[in-house]
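Q: Just target.pdb, nothing more (PDB, C-alpha atoms, pLDDT in the B column):
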```pdb
ATOM      1  CA  ASP A 272      23.175  -3.613 -12.143  1.00 54.00           C
ATOM      2  CA  MET A 273      20.930  -0.775 -13.158  1.00 65.00           C
ATOM      3  CA  ASP A 274      22.246   2.725 -13.677  1.00 81.00           C
ATOM      4  CA  ILE A 275      20.335   4.790 -11.133  1.00 85.00           C
ATOM      5  CA  ASN A 276      21.584   8.052 -12.658  1.00 85.00           C
ATOM      6  CA  SER A 277      20.490   7.245 -16.235  1.00 87.00           C
ATOM      7  CA  HIS A 278      17.155   9.086 -15.887  1.00 82.00           C
ATOM      8  CA  TYR A 279      18.234  11.744 -13.405  1.00 85.00           C
ATOM      9  CA  ASP A 280      16.875  14.660 -15.473  1.00 86.00           C
ATOM     10  CA  GLU A 281      13.421  13.054 -15.695  1.00 86.00           C
ATOM     11  CA  PHE A 282      12.765  12.732 -11.955  1.00 88.00           C
ATOM     12  CA  TYR A 283      12.699  14.766  -8.768  1.00 91.00           C
ATOM     13  CA  ASN A 284      16.183  15.034  -7.277  1.00 94.00           C
ATOM     14  CA  LYS A 285      15.381  13.403  -3.909  1.00 95.00           C
ATOM     15  CA  TYR A 286      14.836   9.733  -3.184  1.00 95.00           C
ATOM     16  CA  ILE A 287      13.125   7.739  -0.478  1.00 97.00           C
ATOM     17  CA  LEU A 288      15.167   4.688   0.463  1.00 97.00           C
ATOM     18  CA  PHE A 289      13.137   1.829   1.878  1.00 97.00           C
ATOM     19  CA  ILE A 290      15.260  -0.137   4.327  1.00 97.00           C
ATOM     20  CA  ARG A 291      14.556  -3.210   6.413  1.00 96.00           C
ATOM     21  CA  ASN A 292      16.591  -5.229   8.895  1.00 96.00           C
ATOM     22  CA  PRO A 293      18.369  -7.942   6.866  1.00 95.00           C
ATOM     23  CA  MET A 294      17.424 -10.482   9.552  1.00 94.00           C
ATOM     24  CA  THR A 295      13.791 -10.137   8.449  1.00 90.00           C
ATOM     25  CA  ALA A 296      14.325  -8.778   4.926  1.00 91.00           C
ATOM     26  CA  ILE A 297      16.119 -11.899   3.685  1.00 90.00           C
ATOM     27  CA  PRO A 298      13.470 -14.456   4.715  1.00 88.00           C
ATOM     28  CA  SER A 299      10.743 -12.062   3.580  1.00 86.00           C
ATOM     29  CA  SER A 300      12.375 -11.743   0.152  1.00 84.00           C
ATOM     30  CA  HIS A 301      12.685 -15.523  -0.115  1.00 77.00           C
ATOM     31  CA  ASN A 302       9.058 -15.909   0.895  1.00 75.00           C
ATOM     32  CA  SER A 303       7.919 -13.253  -1.560  1.00 73.00           C
ATOM     33  CA  LYS A 304       9.685 -14.984  -4.456  1.00 74.00           C
ATOM     34  CA  LEU A 305       8.066 -18.311  -3.584  1.00 67.00           C
ATOM     35  CA  ASN A 306       4.646 -16.623  -3.355  1.00 65.00           C
ATOM     36  CA  ARG A 307       5.094 -14.848  -6.668  1.00 74.00           C
ATOM     37  CA  PHE A 308       6.780 -17.492  -8.799  1.00 79.00           C
ATOM     38  CA  HIS A 309       6.065 -20.864  -7.176  1.00 76.00           C
ATOM     39  CA  SER A 310       2.438 -20.559  -6.036  1.00 75.00           C
ATOM     40  CA  VAL A 311       3.286 -20.809  -2.334  1.00 72.00           C
ATOM     41  CA  ILE A 312       0.474 -19.261  -0.324  1.00 78.00           C
ATOM     42  CA  GLY A 313       1.296 -17.495   2.947  1.00 77.00           C
ATOM     43  CA  GLN A 314       4.510 -18.131   4.809  1.00 80.00           C
ATOM     44  CA  THR A 315       7.080 -20.499   3.343  1.00 80.00           C
ATOM     45  CA  PRO A 316       7.176 -23.837   5.202  1.00 80.00           C
ATOM     46  CA  GLU A 317       9.915 -23.720   7.827  1.00 86.00           C
ATOM     47  CA  ASP A 318      11.828 -26.683   6.376  1.00 85.00           C
ATOM     48  CA  GLU A 319      11.916 -24.885   2.984  1.00 82.00           C
ATOM     49  CA  TRP A 320      13.380 -21.779   4.642  1.00 84.00           C
ATOM     50  CA  SER A 321      15.951 -23.852   6.547  1.00 86.00           C
ATOM     51  CA  SER A 322      17.094 -25.704   3.431  1.00 85.00           C
ATOM     52  CA  THR A 323      17.525 -22.479   1.424  1.00 85.00           C
ATOM     53  CA  ARG A 324      18.820 -20.120   4.081  1.00 89.00           C
ATOM     54  CA  ASP A 325      22.505 -21.087   4.136  1.00 89.00           C
ATOM     55  CA  GLY A 326      22.987 -20.245   0.471  1.00 89.00           C
ATOM     56  CA  TRP A 327      20.991 -17.022   0.696  1.00 87.00           C
ATOM     57  CA  VAL A 328      22.321 -15.087   3.673  1.00 93.00           C
ATOM     58  CA  ALA A 329      25.670 -13.820   2.325  1.00 95.00           C
ATOM     59  CA  PRO A 330      24.584 -12.981  -1.258  1.00 95.00           C
ATOM     60  CA  MET A 331      21.318 -11.373  -0.110  1.00 94.00           C
ATOM     61  CA  PHE A 332      23.122  -9.291   2.508  1.00 96.00           C
ATOM     62  CA  LYS A 333      25.562  -8.131  -0.171  1.00 96.00           C
ATOM     63  CA  GLN A 334      22.636  -7.198  -2.442  1.00 94.00           C
ATOM     64  CA  TRP A 335      20.914  -5.372   0.468  1.00 96.00           C
ATOM     65  CA  LYS A 336      24.065  -3.392   1.216  1.00 97.00           C
ATOM     66  CA  ASN A 337      24.856  -2.658  -2.457  1.00 96.00           C
ATOM     67  CA  SER A 338      21.370  -1.282  -2.992  1.00 95.00           C
ATOM     68  CA  ILE A 339      21.871   1.214  -0.160  1.00 97.00           C
ATOM     69  CA  HIS A 340      25.330   2.170  -1.481  1.00 96.00           C
ATOM     70  CA  SER A 341      23.999   2.624  -5.026  1.00 95.00           C
ATOM     71  CA  TRP A 342      21.423   5.182  -3.936  1.00 95.00           C
ATOM     72  CA  ARG A 343      23.799   6.956  -1.553  1.00 95.00           C
ATOM     73  CA  ASP A 344      26.416   7.185  -4.334  1.00 94.00           C
ATOM     74  CA  SER A 345      23.945   8.415  -6.977  1.00 94.00           C
ATOM     75  CA  LYS A 346      23.390  12.009  -8.105  1.00 94.00           C
ATOM     76  CA  TYR A 347      20.142  12.059  -6.166  1.00 95.00           C
ATOM     77  CA  GLU A 348      19.819  13.578  -2.717  1.00 96.00           C
ATOM     78  CA  LEU A 349      18.417  11.609   0.198  1.00 97.00           C
ATOM     79  CA  GLY A 350      14.858  12.667   0.936  1.00 97.00           C
ATOM     80  CA  MET A 351      14.345  10.152   3.721  1.00 98.00           C
ATOM     81  CA  TYR A 352      14.990   6.650   4.919  1.00 98.00           C
ATOM     82  CA  LEU A 353      11.682   4.794   5.062  1.00 98.00           C
ATOM     83  CA  VAL A 354      12.413   2.218   7.751  1.00 97.00           C
ATOM     84  CA  TYR A 355      10.192  -0.862   7.445  1.00 96.00           C
ATOM     85  CA  GLU A 356      10.149  -1.448  11.185  1.00 95.00           C
ATOM     86  CA  ASP A 357       8.973   2.134  11.742  1.00 96.00           C
ATOM     87  CA  LEU A 358       6.363   1.850   9.005  1.00 95.00           C
ATOM     88  CA  MET A 359       4.860  -1.177  10.757  1.00 94.00           C
ATOM     89  CA  ASP A 360       4.745   0.548  14.165  1.00 94.00           C
ATOM     90  CA  VAL A 361       1.463   2.088  15.358  1.00 94.00           C
ATOM     91  CA  ASN A 362       3.187   5.298  16.505  1.00 93.00           C
ATOM     92  CA  ARG A 363       6.065   5.678  14.064  1.00 96.00           C
ATOM     93  CA  GLY A 364       4.222   4.405  10.956  1.00 96.00           C
ATOM     94  CA  PRO A 365       1.873   7.367  10.517  1.00 97.00           C
ATOM     95  CA  GLN A 366       4.787   9.744  11.223  1.00 97.00           C
ATOM     96  CA  ALA A 367       6.852   8.101   8.473  1.00 97.00           C
ATOM     97  CA  LEU A 368       3.895   8.436   6.103  1.00 96.00           C
ATOM     98  CA  LYS A 369       3.513  12.109   7.059  1.00 97.00           C
ATOM     99  CA  LYS A 370       7.188  12.750   6.263  1.00 97.00           C
ATOM    100  CA  MET A 371       6.844  10.896   2.960  1.00 96.00           C
ATOM    101  CA  ALA A 372       3.740  12.930   2.042  1.00 97.00           C
ATOM    102  CA  ALA A 373       5.678  16.149   2.718  1.00 96.00           C
ATOM    103  CA  LEU A 374       8.358  14.997   0.246  1.00 97.00           C
ATOM    104  CA  PHE A 375       5.682  14.205  -2.332  1.00 96.00           C
ATOM    105  CA  ARG A 376       4.213  17.703  -1.919  1.00 96.00           C
ATOM    106  CA  GLU A 377       7.718  19.195  -2.196  1.00 95.00           C
ATOM    107  CA  ALA A 378       8.097  17.298  -5.490  1.00 95.00           C
ATOM    108  CA  GLY A 379       4.844  18.816  -6.766  1.00 94.00           C
ATOM    109  CA  PHE A 380       2.417  15.976  -6.100  1.00 95.00           C
ATOM    110  CA  ASP A 381      -0.916  16.298  -4.376  1.00 95.00           C
ATOM    111  CA  ALA A 382      -0.471  14.408  -1.093  1.00 95.00           C
ATOM    112  CA  GLU A 383      -2.559  14.286   2.065  1.00 95.00           C
ATOM    113  CA  SER A 384      -1.498  16.585   4.917  1.00 94.00           C
ATOM    114  CA  ASP A 385      -4.272  16.054   7.473  1.00 96.00           C
ATOM    115  CA  GLU A 386      -2.871  13.967  10.353  1.00 94.00           C
ATOM    116  CA  GLU A 387      -6.096  12.064  11.004  1.00 96.00           C
ATOM    117  CA  ALA A 388      -6.407  11.185   7.330  1.00 97.00           C
ATOM    118  CA  ILE A 389      -2.754  10.088   7.242  1.00 96.00           C
ATOM    119  CA  GLN A 390      -3.338   7.785  10.234  1.00 96.00           C
ATOM    120  CA  CYS A 391      -6.356   6.314   8.460  1.00 96.00           C
ATOM    121  CA  ILE A 392      -4.399   5.849   5.227  1.00 97.00           C
ATOM    122  CA  TRP A 393      -1.570   4.198   7.185  1.00 97.00           C
ATOM    123  CA  TYR A 394      -3.891   1.823   9.046  1.00 96.00           C
ATOM    124  CA  ASN A 395      -5.829   0.792   5.948  1.00 96.00           C
ATOM    125  CA  GLY A 396      -2.681   0.547   3.813  1.00 95.00           C
ATOM    126  CA  ILE A 397      -0.779  -1.687   6.236  1.00 94.00           C
ATOM    127  CA  GLY A 398      -3.819  -3.606   7.449  1.00 93.00           C
ATOM    128  CA  LYS A 399      -4.843  -4.823  10.875  1.00 92.00           C
ATOM    129  CA  GLU A 400      -3.445  -8.347  10.416  1.00 90.00           C
ATOM    130  CA  SER A 401       0.010  -7.142   9.354  1.00 89.00           C
ATOM    131  CA  ILE A 402       0.138  -4.607  12.182  1.00 91.00           C
ATOM    132  CA  GLU A 403      -0.791  -7.261  14.738  1.00 90.00           C
ATOM    133  CA  ASN A 404       1.615  -9.845  13.300  1.00 87.00           C
ATOM    134  CA  HIS A 405       4.478  -7.369  13.293  1.00 87.00           C
ATOM    135  CA  LYS A 406       3.760  -6.320  16.868  1.00 87.00           C
ATOM    136  CA  LYS A 407       3.588  -9.949  18.017  1.00 86.00           C
ATOM    137  CA  MET A 408       6.163 -11.635  15.748  1.00 83.00           C
ATOM    138  CA  GLY A 409       8.349  -8.807  14.389  1.00 82.00           C
ATOM    139  CA  GLN A 410       7.372  -9.781  10.831  1.00 80.00           C
ATOM    140  CA  GLU A 411       4.352  -9.898   8.551  1.00 79.00           C
ATOM    141  CA  TYR A 412       3.597 -13.592   9.107  1.00 77.00           C
ATOM    142  CA  GLU A 413       2.262 -15.350  12.173  1.00 77.00           C
ATOM    143  CA  GLY A 414       3.377 -18.949  11.583  1.00 81.00           C
ATOM    144  CA  TYR A 415       6.997 -19.025  12.788  1.00 83.00           C
ATOM    145  CA  ILE A 416       9.992 -16.732  13.124  1.00 86.00           C
ATOM    146  CA  PRO A 417      12.625 -17.810  10.578  1.00 88.00           C
ATOM    147  CA  GLY A 418      15.629 -19.336  12.310  1.00 89.00           C
ATOM    148  CA  PHE A 419      19.306 -18.810  11.544  1.00 93.00           C
ATOM    149  CA  ARG A 420      22.541 -20.485  12.540  1.00 93.00           C
ATOM    150  CA  GLU A 421      24.925 -18.931  15.066  1.00 96.00           C
ATOM    151  CA  ALA A 422      27.313 -18.328  12.127  1.00 95.00           C
ATOM    152  CA  HIS A 423      24.633 -16.173  10.455  1.00 96.00           C
ATOM    153  CA  LYS A 424      24.290 -14.044  13.575  1.00 97.00           C
ATOM    154  CA  THR A 425      28.071 -13.564  13.655  1.00 97.00           C
ATOM    155  CA  PHE A 426      28.042 -12.752   9.927  1.00 97.00           C
ATOM    156  CA  PHE A 427      25.269 -10.144  10.268  1.00 97.00           C
ATOM    157  CA  LEU A 428      26.941  -8.418  13.224  1.00 98.00           C
ATOM    158  CA  ARG A 429      30.391  -8.412  11.566  1.00 98.00           C
ATOM    159  CA  GLU A 430      29.053  -7.135   8.226  1.00 98.00           C
ATOM    160  CA  LEU A 431      26.968  -4.423   9.900  1.00 98.00           C
ATOM    161  CA  ASP A 432      30.100  -3.269  11.753  1.00 98.00           C
ATOM    162  CA  LYS A 433      31.951  -3.019   8.426  1.00 98.00           C
ATOM    163  CA  PHE A 434      29.012  -1.194   6.857  1.00 98.00           C
ATOM    164  CA  LEU A 435      28.920   1.290   9.754  1.00 98.00           C
ATOM    165  CA  LYS A 436      32.543   2.212   8.987  1.00 97.00           C
ATOM    166  CA  GLU A 437      31.730   2.654   5.286  1.00 97.00           C
ATOM    167  CA  ILE A 438      28.841   5.059   5.898  1.00 96.00           C
ATOM    168  CA  ARG A 439      30.394   7.011   8.780  1.00 95.00           C
ATOM    169  CA  GLY A 440      28.963  10.519   8.905  1.00 96.00           C
ATOM    170  CA  ASP A 441      25.435   9.559   7.848  1.00 97.00           C
ATOM    171  CA  VAL A 442      24.091   9.742  11.394  1.00 98.00           C
ATOM    172  CA  GLU A 443      20.564   8.693  10.499  1.00 97.00           C
ATOM    173  CA  LEU A 444      21.728   5.560   8.668  1.00 98.00           C
ATOM    174  CA  GLU A 445      24.256   4.835  11.424  1.00 98.00           C
ATOM    175  CA  ASN A 446      21.422   4.874  13.972  1.00 98.00           C
ATOM    176  CA  ILE A 447      19.301   2.566  11.814  1.00 98.00           C
ATOM    177  CA  LEU A 448      22.179   0.087  11.433  1.00 98.00           C
ATOM    178  CA  LEU A 449      22.974   0.227  15.154  1.00 98.00           C
ATOM    179  CA  ARG A 450      19.334  -0.543  15.865  1.00 97.00           C
ATOM    180  CA  TYR A 451      19.533  -3.498  13.465  1.00 98.00           C
ATOM    181  CA  LYS A 452      22.668  -4.783  15.227  1.00 98.00           C
ATOM    182  CA  TRP A 453      20.886  -4.540  18.576  1.00 97.00           C
ATOM    183  CA  GLU A 454      17.815  -6.353  17.193  1.00 95.00           C
ATOM    184  CA  ILE A 455      19.923  -9.109  15.625  1.00 96.00           C
ATOM    185  CA  ASP A 456      22.031  -9.552  18.727  1.00 96.00           C
ATOM    186  CA  GLY A 457      19.019  -9.830  21.001  1.00 94.00           C
ATOM    187  CA  ARG A 458      16.212 -11.224  18.864  1.00 90.00           C
ATOM    188  CA  ILE A 459      17.638 -13.534  16.204  1.00 90.00           C
ATOM    189  CA  ARG A 460      16.216 -17.026  16.483  1.00 91.00           C
ATOM    190  CA  ILE A 461      19.062 -19.555  16.496  1.00 92.00           C
ATOM    191  CA  GLY A 462      18.350 -23.103  15.407  1.00 79.00           C
ATOM    192  CA  VAL A 463      16.251 -25.128  13.009  1.00 64.00           C
TER     193      VAL A 463
END
```
Just give me the structure of the file as structure tokens.
A:
Amino acid sequence: DMDINSHYDEFYNKYILFIRNPMTAIPSSHNSKLNRFHSVIGQTPEDEWSSTRDGWVAPMFKQWKNSIHSWRDSKYELGMYLVYEDLMDVNRGPQALKKMAALFREAGFDAESDEEAIQCIWYNGIGKESIENHKKMGQEYEGYIPGFREAHKTFFLRELDKFLKEIRGDVELENILLRYKWEIDGRIRIGV
């Protein structure tokens, strides 16, 4: 574990916490590691995901949750939650970037403020293919939607309920987690 507070005096006192639904974050993380360290190109083959998934879900969820807790419990103040699903959305993505740019300016950085320029930066930064894949598949890849077991769905929903109790009072995070519960309950692919 890293000590988030160890360099507090060297940085601006607000943080931006990037958050993504664990249902898509976990397979994406697995895929990213295979791309980076094992020369896999593109999306991990589905049988590879299926054979790894069972051992990954619980520890990766714990890591996901601990990361959020670590930042919330640090000396730093929340600047914003940067929600992956919003960032990938044609309407909400540029708005998230606009909010992030305002925080950068508040911290003393030169950041774009023109809305048209921000939309252009968003579009070119995310890329047409990723935007289209996310709209169609709910993820950055177009090959297949990673499947889970029914027990994983139950695990996600139960753990998100527990997490909601732990963060009670943080209305913005509560709403994000409730959205994730709704997405998992209605969109998780069971099988394979």
Q: Can you tell me, as a count of residues only, what residues are no more than 9 Å from Arg324 (chain A) when counting all atoms listed in the file, ignoring any on the same chain fewer than 4 positions away?
A: 8
Q: One decimal, Å: what's the distance from CA of Leu349 (chain A) over to CA of Ile287 (chain A), could you say?
A: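 So the two atoms, CA of Leu349 (chain A) and CA of Ile287 (chain A), lie 6.6 Å apart.
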Q: Near Glu317 (chain A), counting all atoms listed in the file, which residues have an atom at most 10 Å away, once you skip same-chain residues fewer than 2 positions from it, shown as a PyMOL selection string?
A: chain A and resi 314-315+319-322+414-418+463
Q: Can I get the selection written as a compact mmCIF listing (two decimals), keeping the file's coordinate frame, with C-alpha atoms?
A:
```
# COMPACT_ATOMS: atom_id res chain seq x y z
CA GLN A 314 4.51 -18.13 4.81
CA THR A 315 7.08 -20.50 3.34
CA GLU A 319 11.92 -24.88 2.98
CA TRP A 320 13.38 -21.78 4.64
CA SER A 321 15.95 -23.85 6.55
CA SER A 322 17.09 -25.70 3.43
CA GLY A 414 3.38 -18.95 11.58
CA TYR A 415 7.00 -19.02 12.79
CA ILE A 416 9.99 -16.73 13.12
CA PRO A 417 12.62 -17.81 10.58
CA GLY A 418 15.63 -19.34 12.31
CA VAL A 463 16.25 -25.13 13.01
```
Q: Have a look at CA of Ile397 (chain A) and CA of Arg307 (chain A) and let me know their distance in Å, one decimal.
A: 19.3 Å
Q: From (13.2, -3.4, 18.4), in the file's coordinates, out to 12 Å: which residues are reached, counting all atoms listed in the file? Answer as a PyMOL selection string.
A: chain A and resi 292+355-357+359-360+405-410+447-459
Q: Would you mind exporting C-alpha atoms of the selected residues as a short mmCIF file (atom, residue, chain, number, x, y, z; two decimals), in the coordinates of the input?
A:
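File produced: result-v1.cif:
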```cif
data_model
loop_
_atom_site.label_atom_id
_atom_site.label_comp_id
_atom_site.auth_asym_id
_atom_site.auth_seq_id
_atom_site.Cartn_x
_atom_site.Cartn_y
_atom_site.Cartn_z
CA ASN A 292 16.59 -5.23 8.90
CA TYR A 355 10.19 -0.86 7.44
CA GLU A 356 10.15 -1.45 11.18
CA ASP A 357 8.97 2.13 11.74
CA MET A 359 4.86 -1.18 10.76
CA ASP A 360 4.74 0.55 14.16
CA HIS A 405 4.48 -7.37 13.29
CA LYS A 406 3.76 -6.32 16.87
CA LYS A 407 3.59 -9.95 18.02
CA MET A 408 6.16 -11.64 15.75
CA GLY A 409 8.35 -8.81 14.39
CA GLN A 410 7.37 -9.78 10.83
CA ILE A 447 19.30 2.57 11.81
CA LEU A 448 22.18 0.09 11.43
CA LEU A 449 22.97 0.23 15.15
CA ARG A 450 19.33 -0.54 15.86
CA TYR A 451 19.53 -3.50 13.46
CA LYS A 452 22.67 -4.78 15.23
CA TRP A 453 20.89 -4.54 18.58
CA GLU A 454 17.82 -6.35 17.19
CA ILE A 455 19.92 -9.11 15.62
CA ASP A 456 22.03 -9.55 18.73
CA GLY A 457 19.02 -9.83 21.00
CA ARG A 458 16.21 -11.22 18.86
CA ILE A 459 17.64 -13.53 16.20
#
```
Q: For CA of Gly379 (chain A) and CA of Tyr283 (chain A), quote the distance in Å rounded to one decimal.
A: 9.1 Å
Q: Build an axis-aligned box that encloses every atom of region 448-459 of chain A listed in the file, pad it by 5 Å on each side, and report its centre and edge lengths in Å to one decimal, as JSON.
A:
```
{"center_x": 19.6, "center_y": -6.7, "center_z": 16.2, "size_x": 16.8, "size_y": 23.8, "size_z": 19.6}
```
Q: Please write as an NGL selection string the full residue list that the PyMOL selection byres ((chain A and resi 384) around 12) yields on this file.
A: :A and (365-366 or 368-377 or 380-383 or 385-392)
Q: Can you spell out as a list in words the set of residues that the PyMOL selection byres ((chain A and resi 284) around 9) selects in the structure I just provided?
A: Tyr279, Asp280, Phe282, Tyr283, Lys285, Tyr286, Lys346, Tyr347, Glu348, Leu349, Gly350 and Ala378 of chain A
Q: Can you pull out every residue within 12 Å of Ile438 (chain A), counting only C-alpha atoms, but drop anything in the same chain fewer than 5 positions away, and send it as a PyMOL selection string?
A: chain A and resi 336+339-340+343-344+431-433+443-449
Q: With distances taken over all atoms listed in the file, which residue among A:Ser401, A:Ile290, A:Gly313, A:Trp393 lies nearest Trp335 (chain A)?
A: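 Going through A:Ser401, A:Ile290, A:Gly313, A:Trp393 one by one, the smallest distance to Trp335 (chain A) is for A:Ile290.
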Q: For Ile402 (chain A), which residue out of A:Lys436, A:Ile312, A:Val361, A:Leu288 is the nearest one, using all atoms listed in the file?
A: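 So, comparing all the options, the nearest one is A:Val361.
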Q: Write out all heavy atoms for region 344-353 of chain A, as a compact mmCIF listing (two decimals), keeping the file's coordinate frame.
A:
```
# COMPACT_ATOMS: atom_id res chain seq x y z
N ASP A 344 25.37 6.74 -3.42
CA ASP A 344 26.42 7.18 -4.33
C ASP A 344 25.86 7.82 -5.61
O ASP A 344 26.63 8.27 -6.45
CB ASP A 344 27.32 6.01 -4.72
CG ASP A 344 28.09 5.44 -3.54
OD1 ASP A 344 28.20 6.14 -2.51
OD2 ASP A 344 28.56 4.29 -3.63
N SER A 345 24.54 7.86 -5.76
CA SER A 345 23.94 8.41 -6.98
C SER A 345 23.96 9.94 -6.94
O SER A 345 24.33 10.56 -5.94
CB SER A 345 22.50 7.92 -7.12
OG SER A 345 21.64 8.58 -6.19
N LYS A 346 23.52 10.55 -8.03
CA LYS A 346 23.39 12.01 -8.10
C LYS A 346 22.26 12.52 -7.23
O LYS A 346 22.22 13.69 -6.88
CB LYS A 346 23.09 12.44 -9.55
CG LYS A 346 24.18 12.21 -10.55
CD LYS A 346 23.69 12.68 -11.92
CE LYS A 346 24.63 12.36 -13.04
NZ LYS A 346 24.09 12.81 -14.34
N TYR A 347 21.32 11.65 -6.92
CA TYR A 347 20.14 12.06 -6.17
C TYR A 347 20.51 12.38 -4.72
O TYR A 347 21.47 11.88 -4.17
CB TYR A 347 19.08 10.94 -6.18
CG TYR A 347 18.52 10.66 -7.54
CD1 TYR A 347 19.09 9.68 -8.35
CD2 TYR A 347 17.43 11.37 -8.03
CE1 TYR A 347 18.58 9.41 -9.61
CE2 TYR A 347 16.91 11.11 -9.29
CZ TYR A 347 17.50 10.13 -10.08
OH TYR A 347 16.99 9.87 -11.32
N GLU A 348 19.66 13.20 -4.12
CA GLU A 348 19.82 13.58 -2.72
C GLU A 348 18.85 12.75 -1.87
O GLU A 348 17.72 12.49 -2.29
CB GLU A 348 19.48 15.07 -2.60
CG GLU A 348 19.57 15.64 -1.22
CD GLU A 348 19.10 17.10 -1.20
OE1 GLU A 348 19.17 17.79 -2.23
OE2 GLU A 348 18.63 17.52 -0.13
N LEU A 349 19.29 12.36 -0.70
CA LEU A 349 18.42 11.61 0.20
C LEU A 349 17.25 12.49 0.64
O LEU A 349 17.46 13.58 1.16
CB LEU A 349 19.19 11.12 1.42
CG LEU A 349 18.35 10.44 2.51
CD1 LEU A 349 17.77 9.12 2.01
CD2 LEU A 349 19.18 10.23 3.76
N GLY A 350 16.04 12.00 0.41
CA GLY A 350 14.86 12.67 0.94
C GLY A 350 14.55 12.13 2.32
O GLY A 350 14.32 12.87 3.26
N MET A 351 14.57 10.79 2.42
CA MET A 351 14.34 10.15 3.72
C MET A 351 14.65 8.67 3.64
O MET A 351 14.62 8.08 2.56
CB MET A 351 12.90 10.35 4.20
CG MET A 351 11.86 9.55 3.44
SD MET A 351 10.15 9.76 4.03
CE MET A 351 10.12 8.64 5.43
N TYR A 352 14.95 8.10 4.79
CA TYR A 352 14.99 6.65 4.92
C TYR A 352 13.61 6.23 5.39
O TYR A 352 13.12 6.73 6.41
CB TYR A 352 16.04 6.20 5.95
CG TYR A 352 17.46 6.44 5.49
CD1 TYR A 352 18.24 7.43 6.09
CD2 TYR A 352 18.01 5.69 4.46
CE1 TYR A 352 19.54 7.65 5.67
CE2 TYR A 352 19.31 5.90 4.04
CZ TYR A 352 20.07 6.89 4.65
OH TYR A 352 21.36 7.10 4.22
N LEU A 353 12.97 5.35 4.66
CA LEU A 353 11.68 4.79 5.06
C LEU A 353 11.98 3.43 5.68
O LEU A 353 12.23 2.46 4.98
CB LEU A 353 10.73 4.67 3.87
CG LEU A 353 9.35 4.11 4.15
CD1 LEU A 353 8.63 4.94 5.21
CD2 LEU A 353 8.52 4.05 2.88
```
